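J.: Input structure: work28.tsv, which contains TSV, C-alpha atoms.
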```tsv
chain	number	residue	atom	x	y	z
G	15	MET	CA	-28.85	27.16	27.96
G	16	ALA	CA	-32.11	25.30	28.38
G	17	ALA	CA	-33.55	26.90	25.28
G	18	SER	CA	-30.54	26.01	23.16
G	19	SER	CA	-30.60	22.42	24.31
G	20	ARG	CA	-34.22	22.14	23.25
G	21	HIS	CA	-33.26	22.85	19.66
G	22	ARG	CA	-30.87	19.91	19.71
G	23	SER	CA	-33.67	17.38	20.19
G	24	SER	CA	-33.21	14.40	17.88
G	25	ALA	CA	-37.01	14.29	17.41
G	26	THR	CA	-36.84	17.19	14.94
G	27	PRO	CA	-34.55	15.54	12.32
G	28	LEU	CA	-36.30	12.22	12.88
G	29	ALA	CA	-39.69	13.81	12.20
G	30	ALA	CA	-38.36	15.39	9.00
G	31	VAL	CA	-36.83	12.13	7.78
G	32	TYR	CA	-39.93	10.13	8.69
G	33	THR	CA	-42.15	12.62	6.82
G	34	ALA	CA	-40.03	12.25	3.69
G	35	LEU	CA	-40.16	8.47	3.94
G	36	LEU	CA	-43.94	8.46	4.35
G	37	ILE	CA	-44.30	10.63	1.26
G	38	TYR	CA	-42.11	8.20	-0.68
G	39	ALA	CA	-44.05	5.18	0.53
G	40	SER	CA	-47.38	6.83	-0.28
G	41	LEU	CA	-46.49	7.97	-3.81
G	42	TYR	CA	-44.19	5.15	-4.92
G	43	PRO	CA	-43.30	4.47	-7.76
G	44	PHE	CA	-43.57	8.18	-8.82
G	45	SER	CA	-44.22	7.23	-12.45
G	46	GLY	CA	-47.17	7.19	-14.84
G	47	TRP	CA	-48.74	10.38	-13.54
G	48	ARG	CA	-52.01	11.22	-15.35
G	49	TRP	CA	-55.20	13.13	-14.75
G	50	PRO	CA	-57.90	10.76	-13.43
G	51	PRO	CA	-60.32	10.10	-16.31
G	52	GLY	CA	-63.61	11.96	-16.08
G	53	GLN	CA	-62.75	13.71	-12.82
G	54	GLU	CA	-63.04	17.42	-12.11
G	55	MET	CA	-60.72	19.33	-9.82
G	56	PHE	CA	-63.09	19.70	-6.88
G	57	ALA	CA	-64.29	16.10	-7.16
G	58	LEU	CA	-60.73	14.92	-6.49
G	59	LEU	CA	-60.68	16.75	-3.17
G	60	ALA	CA	-63.57	14.63	-1.80
G	61	LEU	CA	-62.00	11.29	-0.90
G	62	PRO	CA	-64.18	8.21	-1.43
G	63	TRP	CA	-64.94	5.63	1.25
G	64	PRO	CA	-63.77	2.25	-0.12
G	65	ARG	CA	-66.14	-0.68	-0.39
G	66	TRP	CA	-63.54	-3.22	0.68
G	67	VAL	CA	-61.08	-3.31	3.54
G	68	LEU	CA	-57.86	-5.21	4.13
G	69	PRO	CA	-56.90	-5.71	7.80
G	70	TYR	CA	-53.24	-5.33	6.90
G	71	ASP	CA	-53.89	-1.90	5.37
G	72	LEU	CA	-55.83	-0.78	8.42
G	73	TRP	CA	-53.01	-1.68	10.79
G	74	PHE	CA	-50.34	-0.26	8.50
G	75	ASN	CA	-52.11	3.08	8.15
G	76	LEU	CA	-52.67	3.27	11.89
G	77	LEU	CA	-49.16	2.27	12.95
G	78	GLY	CA	-47.44	4.09	10.09
G	79	TYR	CA	-48.52	7.53	11.31
G	80	LEU	CA	-48.28	6.83	15.04
G	81	PRO	CA	-44.50	7.53	15.18
G	82	LEU	CA	-44.93	10.74	13.17
G	83	GLY	CA	-47.52	12.07	15.62
G	84	ALA	CA	-45.22	11.23	18.51
G	85	LEU	CA	-42.13	12.76	16.90
G	86	VAL	CA	-43.89	16.00	15.93
G	87	GLY	CA	-45.36	16.32	19.43
G	88	ILE	CA	-41.98	15.78	21.07
G	89	ALA	CA	-40.21	18.13	18.64
G	90	VAL	CA	-42.68	20.99	19.24
G	91	ARG	CA	-42.74	20.47	22.99
G	92	ARG	CA	-38.95	20.23	23.29
G	93	SER	CA	-38.63	23.40	21.22
G	94	GLY	CA	-40.54	25.30	23.89
G	95	GLY	CA	-44.12	25.00	22.62
G	96	ALA	CA	-46.99	24.52	25.04
G	97	SER	CA	-48.54	21.08	25.43
G	98	TRP	CA	-51.72	22.06	23.59
G	99	VAL	CA	-49.69	23.54	20.72
G	100	ALA	CA	-47.66	20.32	20.46
G	101	LEU	CA	-50.84	18.23	20.50
G	102	VAL	CA	-52.54	20.29	17.79
G	103	ALA	CA	-49.45	20.35	15.58
G	104	ALA	CA	-48.90	16.62	16.03
G	105	VAL	CA	-52.46	15.89	14.90
G	106	LEU	CA	-53.10	18.47	12.19
G	107	GLY	CA	-49.65	18.21	10.57
G	108	PRO	CA	-49.75	14.43	9.91
G	109	ALA	CA	-53.47	14.64	8.98
G	110	ALA	CA	-52.69	17.30	6.37
G	111	LEU	CA	-49.81	15.21	5.06
G	112	SER	CA	-52.03	12.14	4.80
G	113	TYR	CA	-54.79	14.07	3.02
G	114	SER	CA	-52.34	15.53	0.50
G	115	CYS	CA	-50.87	12.10	-0.25
G	116	GLU	CA	-54.32	10.55	-0.64
G	117	VAL	CA	-55.34	13.25	-3.13
G	118	LEU	CA	-52.10	12.84	-5.10
G	119	GLN	CA	-52.51	9.06	-5.22
G	120	GLN	CA	-55.45	9.57	-7.59
G	121	PHE	CA	-52.96	10.72	-10.23
G	122	LEU	CA	-50.95	7.47	-10.02
G	123	PRO	CA	-52.00	4.27	-11.81
G	124	GLY	CA	-52.64	1.44	-9.41
G	125	ARG	CA	-52.99	3.71	-6.35
G	126	TYR	CA	-56.37	4.56	-4.87
G	127	ALA	CA	-57.42	7.40	-2.60
G	128	SER	CA	-59.31	6.35	0.50
G	129	LEU	CA	-61.08	8.29	3.21
G	130	ARG	CA	-60.64	5.27	5.47
G	131	ASP	CA	-56.86	5.48	5.04
G	132	LEU	CA	-56.98	9.16	5.98
G	133	ALA	CA	-59.04	8.33	9.05
G	134	MET	CA	-56.67	5.58	10.17
G	135	ASN	CA	-53.61	7.76	9.53
G	136	SER	CA	-55.15	10.57	11.56
G	137	LEU	CA	-56.09	8.18	14.35
G	138	GLY	CA	-52.51	6.92	14.44
G	139	ALA	CA	-51.23	10.51	14.68
G	140	VAL	CA	-53.69	11.23	17.50
G	141	LEU	CA	-52.53	8.19	19.46
G	142	GLY	CA	-48.86	9.02	18.89
G	143	ALA	CA	-49.36	12.65	19.87
G	144	ALA	CA	-51.31	11.72	23.01
G	145	VAL	CA	-48.64	9.24	24.11
G	146	ALA	CA	-45.79	11.69	23.43
G	147	VAL	CA	-47.39	14.73	25.09
G	148	GLY	CA	-48.56	12.61	28.02
G	149	TRP	CA	-45.09	11.10	28.41
G	150	LEU	CA	-43.52	14.56	28.43
G	151	GLY	CA	-46.20	15.79	30.83
G	152	VAL	CA	-45.29	13.24	33.51
G	153	GLY	CA	-41.61	14.08	33.30
G	154	GLY	CA	-40.52	11.54	30.71
G	155	GLY	CA	-38.69	14.20	28.74
G	156	SER	CA	-36.65	15.26	31.75
G	157	SER	CA	-35.74	11.65	32.51
G	158	TRP	CA	-34.69	11.07	28.91
G	159	GLN	CA	-32.69	14.30	28.87
G	160	ALA	CA	-30.87	13.29	32.04
G	161	LEU	CA	-30.16	9.84	30.58
G	162	ARG	CA	-28.99	11.36	27.32
G	163	GLU	CA	-26.64	13.76	29.09
G	164	ARG	CA	-25.07	10.86	30.99
G	165	TRP	CA	-24.51	8.83	27.84
G	166	PHE	CA	-24.02	11.35	25.02
G	167	LEU	CA	-22.63	14.80	24.39
G	168	ARG	CA	-24.99	17.77	24.23
G	169	ASP	CA	-24.60	18.25	20.47
G	170	SER	CA	-25.52	14.70	19.47
G	171	ALA	CA	-29.02	15.02	17.95
G	172	GLY	CA	-27.88	14.18	14.41
G	173	ALA	CA	-25.96	11.08	15.49
G	174	LEU	CA	-28.87	9.88	17.64
G	175	ALA	CA	-31.27	10.31	14.73
G	176	LEU	CA	-28.95	8.25	12.51
G	177	LEU	CA	-28.57	5.56	15.17
G	178	ALA	CA	-32.35	5.38	15.58
G	179	LEU	CA	-32.81	4.93	11.82
G	180	TRP	CA	-30.11	2.27	11.42
G	181	PRO	CA	-32.30	-0.71	12.52
G	182	LEU	CA	-35.01	0.41	10.08
G	183	GLY	CA	-32.50	0.26	7.22
G	184	LEU	CA	-31.68	-3.33	8.15
G	185	LEU	CA	-35.27	-4.37	7.40
G	186	PHE	CA	-34.78	-3.79	3.68
G	187	PRO	CA	-33.18	-6.83	1.99
G	188	ALA	CA	-29.40	-6.51	1.61
G	189	PRO	CA	-27.06	-8.63	-0.53
G	190	VAL	CA	-24.78	-9.13	2.49
G	191	PRO	CA	-25.81	-9.15	6.17
G	192	LEU	CA	-25.65	-5.54	7.48
G	193	GLY	CA	-24.59	-4.42	3.99
G	194	LEU	CA	-26.28	-1.03	3.79
G	195	GLY	CA	-25.63	1.49	1.03
G	196	GLN	CA	-26.12	-0.47	-2.20
G	197	VAL	CA	-27.52	2.45	-4.20
G	198	GLY	CA	-24.92	2.73	-6.97
G	199	GLU	CA	-26.85	0.69	-9.54
G	200	ARG	CA	-30.04	2.68	-8.98
G	201	LEU	CA	-28.14	5.97	-9.32
G	202	ARG	CA	-26.59	4.75	-12.57
G	203	GLU	CA	-30.00	3.82	-13.97
G	204	ALA	CA	-31.47	7.16	-12.90
G	205	ALA	CA	-28.62	9.12	-14.52
G	206	GLN	CA	-28.92	7.07	-17.72
G	207	GLU	CA	-32.66	7.74	-17.92
G	208	LEU	CA	-32.15	11.45	-17.22
G	209	LEU	CA	-29.59	11.80	-20.05
G	210	GLN	CA	-31.38	9.50	-22.48
G	211	ASP	CA	-32.36	12.22	-25.01
G	212	VAL	CA	-29.37	14.52	-24.51
G	213	PRO	CA	-27.33	14.55	-27.78
G	214	TRP	CA	-24.00	15.65	-26.29
G	215	ALA	CA	-24.09	12.91	-23.61
G	216	GLU	CA	-23.08	9.97	-25.85
G	217	SER	CA	-19.76	9.53	-24.08
G	218	VAL	CA	-21.56	9.69	-20.76
G	219	HIS	CA	-23.95	6.97	-21.96
G	220	GLN	CA	-20.98	4.72	-22.61
G	221	LEU	CA	-19.68	5.32	-19.13
G	222	LEU	CA	-23.14	4.63	-17.69
G	223	ALA	CA	-23.64	1.43	-19.69
G	224	ALA	CA	-24.65	-1.49	-17.54
G	225	PRO	CA	-21.57	-3.36	-16.36
G	226	GLU	CA	-21.24	-7.08	-16.59
G	227	VAL	CA	-23.28	-8.69	-13.86
G	228	ALA	CA	-21.12	-10.38	-11.28
G	229	THR	CA	-22.27	-13.95	-10.86
G	230	ALA	CA	-19.54	-15.35	-8.63
G	231	PRO	CA	-20.37	-14.92	-4.95
G	232	LEU	CA	-18.12	-12.95	-2.70
G	233	ARG	CA	-15.32	-14.80	-1.03
G	234	PRO	CA	-16.29	-15.83	2.51
G	235	LEU	CA	-13.61	-13.57	3.96
G	236	ALA	CA	-14.88	-10.56	1.96
G	237	GLU	CA	-18.48	-11.18	3.00
G	238	ALA	CA	-17.44	-11.56	6.62
G	239	GLY	CA	-15.46	-8.33	6.40
G	240	ILE	CA	-18.47	-6.40	5.06
G	241	THR	CA	-20.65	-7.79	7.87
G	242	SER	CA	-18.07	-6.80	10.49
G	243	LEU	CA	-17.82	-3.30	9.05
G	244	GLY	CA	-21.62	-3.08	8.98
G	245	LEU	CA	-21.68	-3.65	12.75
G	246	LEU	CA	-18.63	-1.51	13.51
G	247	ALA	CA	-19.92	1.55	11.62
G	248	PRO	CA	-22.82	2.48	13.96
G	249	CYS	CA	-20.64	1.72	16.99
G	250	LEU	CA	-17.97	4.20	15.91
G	251	LEU	CA	-20.65	6.75	15.01
G	252	ALA	CA	-21.95	6.44	18.57
G	253	TYR	CA	-18.43	6.69	19.98
G	254	SER	CA	-18.03	10.08	18.25
G	255	VAL	CA	-20.69	11.54	20.59
G	256	MET	CA	-19.86	9.48	23.70
G	257	ASN	CA	-17.07	9.78	26.22
G	258	PRO	CA	-14.80	6.72	26.57
G	259	GLY	CA	-15.96	4.23	29.18
G	260	TRP	CA	-18.10	1.20	29.85
G	261	ARG	CA	-21.16	2.78	28.20
G	262	ARG	CA	-19.48	2.40	24.82
G	263	VAL	CA	-19.19	-1.36	25.34
G	264	VAL	CA	-22.88	-1.53	26.29
G	265	MET	CA	-23.71	0.48	23.16
G	266	ALA	CA	-21.74	-1.98	20.99
G	267	ALA	CA	-23.57	-4.93	22.54
G	268	GLY	CA	-26.88	-3.18	21.91
G	269	ALA	CA	-25.92	-2.62	18.28
G	270	LEU	CA	-25.23	-6.34	17.91
G	271	ALA	CA	-28.63	-7.19	19.42
G	272	LEU	CA	-30.40	-4.75	17.09
G	273	ALA	CA	-28.48	-6.11	14.08
G	274	VAL	CA	-29.53	-9.69	14.81
G	275	ALA	CA	-33.12	-8.65	15.52
G	276	GLY	CA	-33.36	-6.50	12.37
G	277	MET	CA	-31.94	-9.11	10.00
G	278	THR	CA	-34.07	-11.85	11.58
G	279	LEU	CA	-37.24	-9.77	11.28
G	280	SER	CA	-36.46	-8.92	7.65
G	281	THR	CA	-36.06	-12.60	6.77
G	282	LEU	CA	-39.15	-13.53	8.76
G	283	LEU	CA	-41.27	-10.99	6.87
G	284	ASN	CA	-40.16	-12.41	3.54
G	285	PHE	CA	-40.04	-16.15	4.13
G	286	GLY	CA	-42.01	-16.85	7.30
G	287	PRO	CA	-41.06	-17.74	10.88
G	288	GLN	CA	-39.61	-21.13	9.93
G	289	HIS	CA	-36.90	-19.41	7.86
G	290	ALA	CA	-36.25	-16.43	10.15
G	291	THR	CA	-32.57	-17.31	10.58
G	292	ALA	CA	-31.88	-18.07	6.91
G	293	TRP	CA	-29.78	-14.89	6.65
G	294	ILE	CA	-27.10	-16.44	8.87
G	295	ALA	CA	-24.41	-17.82	6.55
G	296	PRO	CA	-21.70	-20.20	7.82
G	297	GLY	CA	-19.32	-17.31	8.59
G	298	THR	CA	-21.85	-14.76	9.81
G	299	PRO	CA	-21.59	-15.51	13.59
G	300	GLN	CA	-17.81	-15.21	13.43
G	301	ALA	CA	-18.11	-11.93	11.47
G	302	LEU	CA	-20.50	-10.48	14.04
G	303	ALA	CA	-18.24	-11.60	16.86
G	304	ALA	CA	-15.26	-9.98	15.12
G	305	GLY	CA	-17.20	-6.73	14.70
G	306	LEU	CA	-18.16	-6.72	18.39
G	307	LEU	CA	-14.57	-7.51	19.40
G	308	LEU	CA	-13.24	-4.65	17.28
G	309	ALA	CA	-15.85	-2.28	18.72
G	310	THR	CA	-14.82	-3.30	22.24
G	311	VAL	CA	-11.09	-2.92	21.53
G	312	LEU	CA	-11.67	0.52	19.99
G	313	SER	CA	-13.94	1.76	22.79
G	314	PRO	CA	-11.14	3.76	24.54
G	315	LEU	CA	-10.55	5.93	21.44
G	316	ARG	CA	-10.89	9.68	21.74
G	317	ARG	CA	-13.98	11.09	20.06
G	318	PRO	CA	-12.21	12.80	17.11
G	319	VAL	CA	-10.25	9.62	16.38
G	320	ALA	CA	-13.45	7.55	16.54
G	321	ALA	CA	-15.13	9.96	14.10
G	322	GLY	CA	-12.22	9.73	11.65
G	323	LEU	CA	-12.12	5.95	11.87
G	324	ALA	CA	-15.90	5.84	11.38
G	325	LEU	CA	-15.44	7.60	8.03
G	326	VAL	CA	-12.88	4.99	6.98
G	327	VAL	CA	-15.15	2.11	8.05
G	328	LEU	CA	-18.20	3.59	6.29
G	329	THR	CA	-16.17	4.06	3.10
G	330	GLY	CA	-14.99	0.45	3.25
G	331	LEU	CA	-18.56	-0.68	3.85
G	332	VAL	CA	-20.07	1.04	0.79
G	333	VAL	CA	-17.15	-0.02	-1.43
G	334	GLY	CA	-17.49	-3.62	-0.29
G	335	VAL	CA	-21.28	-3.68	-0.72
G	336	ALA	CA	-20.92	-2.27	-4.25
G	337	GLN	CA	-18.93	-5.38	-5.20
G	338	ALA	CA	-21.54	-7.81	-3.89
G	339	PRO	CA	-23.54	-9.65	-6.58
G	340	ASN	CA	-27.25	-10.26	-6.27
G	341	ASP	CA	-27.98	-13.71	-4.93
G	342	PRO	CA	-31.33	-15.61	-5.23
G	343	TYR	CA	-32.34	-14.66	-1.68
G	344	PHE	CA	-31.68	-10.98	-2.39
G	345	ALA	CA	-33.60	-11.03	-5.70
G	346	GLN	CA	-36.57	-12.87	-4.21
G	347	SER	CA	-36.64	-10.51	-1.23
G	348	LEU	CA	-36.62	-7.45	-3.48
G	349	GLN	CA	-39.51	-8.85	-5.51
G	350	ALA	CA	-41.55	-9.37	-2.35
G	351	TRP	CA	-40.85	-5.83	-1.16
G	352	GLU	CA	-41.18	-3.92	-4.44
G	353	GLN	CA	-44.11	-5.77	-6.00
G	354	GLY	CA	-45.77	-7.70	-3.21
G	355	ARG	CA	-47.18	-7.24	0.23
G	356	PHE	CA	-44.50	-4.80	1.45
G	357	VAL	CA	-44.96	-2.16	-1.25
G	358	ARG	CA	-46.46	0.29	1.27
G	359	PHE	CA	-43.49	-0.18	3.61
G	360	HIS	CA	-41.08	-0.19	0.69
G	361	GLY	CA	-39.86	3.39	0.82
G	362	LEU	CA	-39.50	3.57	4.59
G	363	ALA	CA	-36.77	0.95	4.80
G	364	GLN	CA	-35.37	1.17	1.27
G	365	TRP	CA	-34.20	4.76	1.45
G	366	VAL	CA	-32.74	4.33	4.92
G	367	GLY	CA	-30.88	1.22	3.76
G	368	TRP	CA	-29.58	3.04	0.68
G	369	VAL	CA	-28.70	6.39	2.18
G	370	TRP	CA	-27.73	5.64	5.79
G	371	PRO	CA	-23.94	5.18	5.28
G	372	TYR	CA	-23.74	8.34	3.15
G	373	ALA	CA	-25.83	10.37	5.60
G	374	ALA	CA	-23.58	9.18	8.44
G	375	MET	CA	-20.47	10.20	6.47
G	376	GLY	CA	-22.00	13.60	5.71
G	377	TRP	CA	-22.83	14.20	9.36
G	378	LEU	CA	-19.34	13.17	10.48
G	379	LEU	CA	-17.68	15.41	7.88
G	380	THR	CA	-19.86	18.36	8.91
G	381	ARG	CA	-19.05	17.82	12.57
G	382	MET	CA	-15.33	17.50	11.91
G	383	GLY	CA	-15.44	20.61	9.71
G	384	ARG	CA	-16.98	22.64	12.51
G	385	ARG	CA	-14.25	21.46	14.85
G	386	GLY	CA	-11.57	22.39	12.38
```
Will you turn the file into structure tokens for me?

T.:
Amino acid sequence: MAASSRHRSSATPLAAVYTALLIYASLYPFSGWRWPPGQEMFALLALPWPRWVLPYDLWFNLLGYLPLGALVGIAVRRSGGASWVALVAAVLGPAALSYSCEVLQQFLPGRYASLRDLAMNSLGAVLGAAVAVGWLGVGGGSSWQALRERWFLRDSAGALALLALWPLGLLFPAPVPLGLGQVGERLREAAQELLQDVPWAESVHQLLAAPEVATAPLRPLAEAGITSLGLLAPCLLAYSVMNPGWRRVVMAAGALALAVAGMTLSTLLNFGPQHATAWIAPGTPQALAAGLLLATVLSPLRRPVAAGLALVVLTGLVVGVAQAPNDPYFAQSLQAWEQGRFVRFHGLAQWVGWVWPYAAMGWLLTRMGRRG
């Protein structure tokens, strides 16, 4: 039983997701690939030491790989590996990932390979691995496992991974507060580009033609409804792996606190501390209060009912977000993230913000299918 519970550690899916996000952030925008002029194969493998340094890059490279080192160390240790195996894997794995990304960056215009970045990434992985293995060594893993068993079901690793990623998705600018999942337009553009030179796809091109841009803002009630659903969705996801009781109410209150903190931090990063609360529209507090009230009222639901209702709420969320037009705040935020100082953090939050509702629906459907 102990061995099987190890394999349910949420650190494993989190490490896999975080690795994919780091690759995206390192190789964004995945276009314009070309062989570096005048470079031979073996010369590309020797990374140069840059002549300049940006403090922001140093801290980002250090902190960006620290969670990966910690997650890999926890995943290996919780899967039954010895402490030294977990430490080695948590250092060498992220270091190899960083080296590979640095080499590949030489094939992208505007991206530069750097031995200093590799060193800072590796140092971050070392620190994360040391903290994780040390924490597990003093019994932190047992304490967390006991806490997890009191709050959540045994087979809850997927839901816990999704809940841990939800605040990260909130950092990427959204057209509506807590409005995750606005990926439809990007998928349409990608499909149109993929079928651009396909002769038999003319009818498909017509279907994929850019729709008229909605300029009228959402009605206040519709925007408030999307915000309420955005808070209710992670609460119901958590309820699907929690027994009814007071812990569900505490979980809902924690989700509200994380939602406010995530949206405030996102606005602060874009517009500065003086505008940190600019995301709060006139009806936003009432919408958040309504979401918390609904989560509290629904806390006695049985787990299967909570899972089914979570699917309905997530569907309503993505449908509502798809109707939201881009406002000036959203457009300016995207420009800052995609072209400005957050380009290195771009992929980490963007993909979580896009995919989170769909990943949650997929996990819920898989879980309900196993039950059936």

J.: Find the spatial neighbours of G:Val145, counting only C-alpha atoms, within a cut-off of 7 Å - ignore same-chain residues fewer than 4 positions away - and output them as a PyMOL selection string.

T.: chain G and resi 84+141+149

J.: Got time to write the residues from that selection, C-alpha atoms, as a compact mmCIF listing (two decimals), keeping the file's coordinate frame?

T.:
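File produced: result-v9.txt:
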```
# COMPACT_ATOMS: atom_id res chain seq x y z
CA ALA G 84 -45.22 11.23 18.51
CA LEU G 141 -52.53 8.19 19.46
CA TRP G 149 -45.09 11.10 28.41
```

J.: What is the atom CA of G:Val319-atom CA of G:Ser170 distance in Å, reported with one decimal?

T.: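 Going from atom CA of G:Val319 over to atom CA of G:Ser170, I get 16.4 Å.
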
J.: Figure out the distance between atom CA of G:Met265 and atom CA of G:Arg162, please, to one decimal in Å.

T.: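 Atom-to-atom, atom CA of G:Arg162 to atom CA of G:Met265, that is 12.8 Å.
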
J.: What is the atom CA of G:Arg130 to atom CA of G:Glu116 distance in Å?

T.: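 A separation of 10.3 Å between them.
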
J.: Looking at G:Leu85, G:Leu194, G:Ala100, G:Leu315, which one is nearest to G:Val255, with distances taken over only C-alpha atoms?

T.: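 Closest to G:Val255, using only C-alpha atoms: G:Leu315.
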
J.: Which one is closest to G:Ser254: G:Leu118, G:Ala57, G:Leu306, G:Ala321? Count all atoms listed in the file.

T.: G:Ala321

J.: Quick one: residues within 8 Å of G:Ala273, all atoms listed in the file, excluding same-chain residues fewer than 3 positions away - as a ChimeraX atom specification?

T.: /G:181,184,192,245,269-270,276-277

J.: Choose the residue, out of G:Leu80, G:Ala60, G:Val326, G:Ala266, that has the smallest atom-to-atom separation from G:Leu312; count all atoms listed in the file.

T.: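 Between G:Leu80, G:Ala60, G:Val326, G:Ala266, the residue approaching G:Leu312 most closely is G:Ala266.
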
J.: Of the residues G:Ala295, G:Val105, G:Met256, G:Cys115, which is the one nearest to G:Leu235, using only C-alpha atoms?

T.: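 Answer, going by the shortest atom-to-atom distance: G:Ala295.
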
J.: Hey, what's within 8 Å of G:Ser313 if we count only C-alpha atoms and toss same-chain stuff fewer than 2 positions away? As a PyMOL selection string, please?

T.: chain G and resi 253+258-259+262-263+309-311+315

J.: Go ahead and save the residues from that selection, with C-alpha atoms, as a tab-separated table (two decimals), keeping the file's coordinate frame.

T.:
```tsv
chain	number	residue	atom	x	y	z
G	253	TYR	CA	-18.43	6.69	19.98
G	258	PRO	CA	-14.80	6.72	26.57
G	259	GLY	CA	-15.96	4.23	29.18
G	262	ARG	CA	-19.48	2.40	24.82
G	263	VAL	CA	-19.19	-1.36	25.34
G	309	ALA	CA	-15.85	-2.28	18.72
G	310	THR	CA	-14.82	-3.30	22.24
G	311	VAL	CA	-11.09	-2.92	21.53
G	315	LEU	CA	-10.55	5.93	21.44
```

J.: Find the residues near stretch 241-244 of chain G: any atom within 9 Å, counting only C-alpha atoms, skip ones fewer than 6 places away on the same chain, and give them as a count of residues only.

T.: 18

J.: Taking into account all atoms listed in the file, which residue in the set G:Trp365, G:Ala252, G:Thr281, G:Pro287 is nearest to G:Leu167?

T.: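 Of G:Trp365, G:Ala252, G:Thr281, G:Pro287, the one nearest G:Leu167, counting all atoms listed in the file, is G:Ala252.
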
J.: Residues at most 9 Å from G:Trp377, counting only C-alpha atoms, excluding those fewer than 5 positions away in the same chain, as a list in words?

T.: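 Counting only C-alpha atoms, the residues come to Gly172, Ala173, Tyr372 and Met382 of chain G.
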
J.: Using all atoms listed in the file, can you tell me which of G:Ala292, G:Val335, G:Leu251, G:Ala39 comes closest to G:Ala238?

T.: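 The answer is G:Val335, which sits nearest to G:Ala238.
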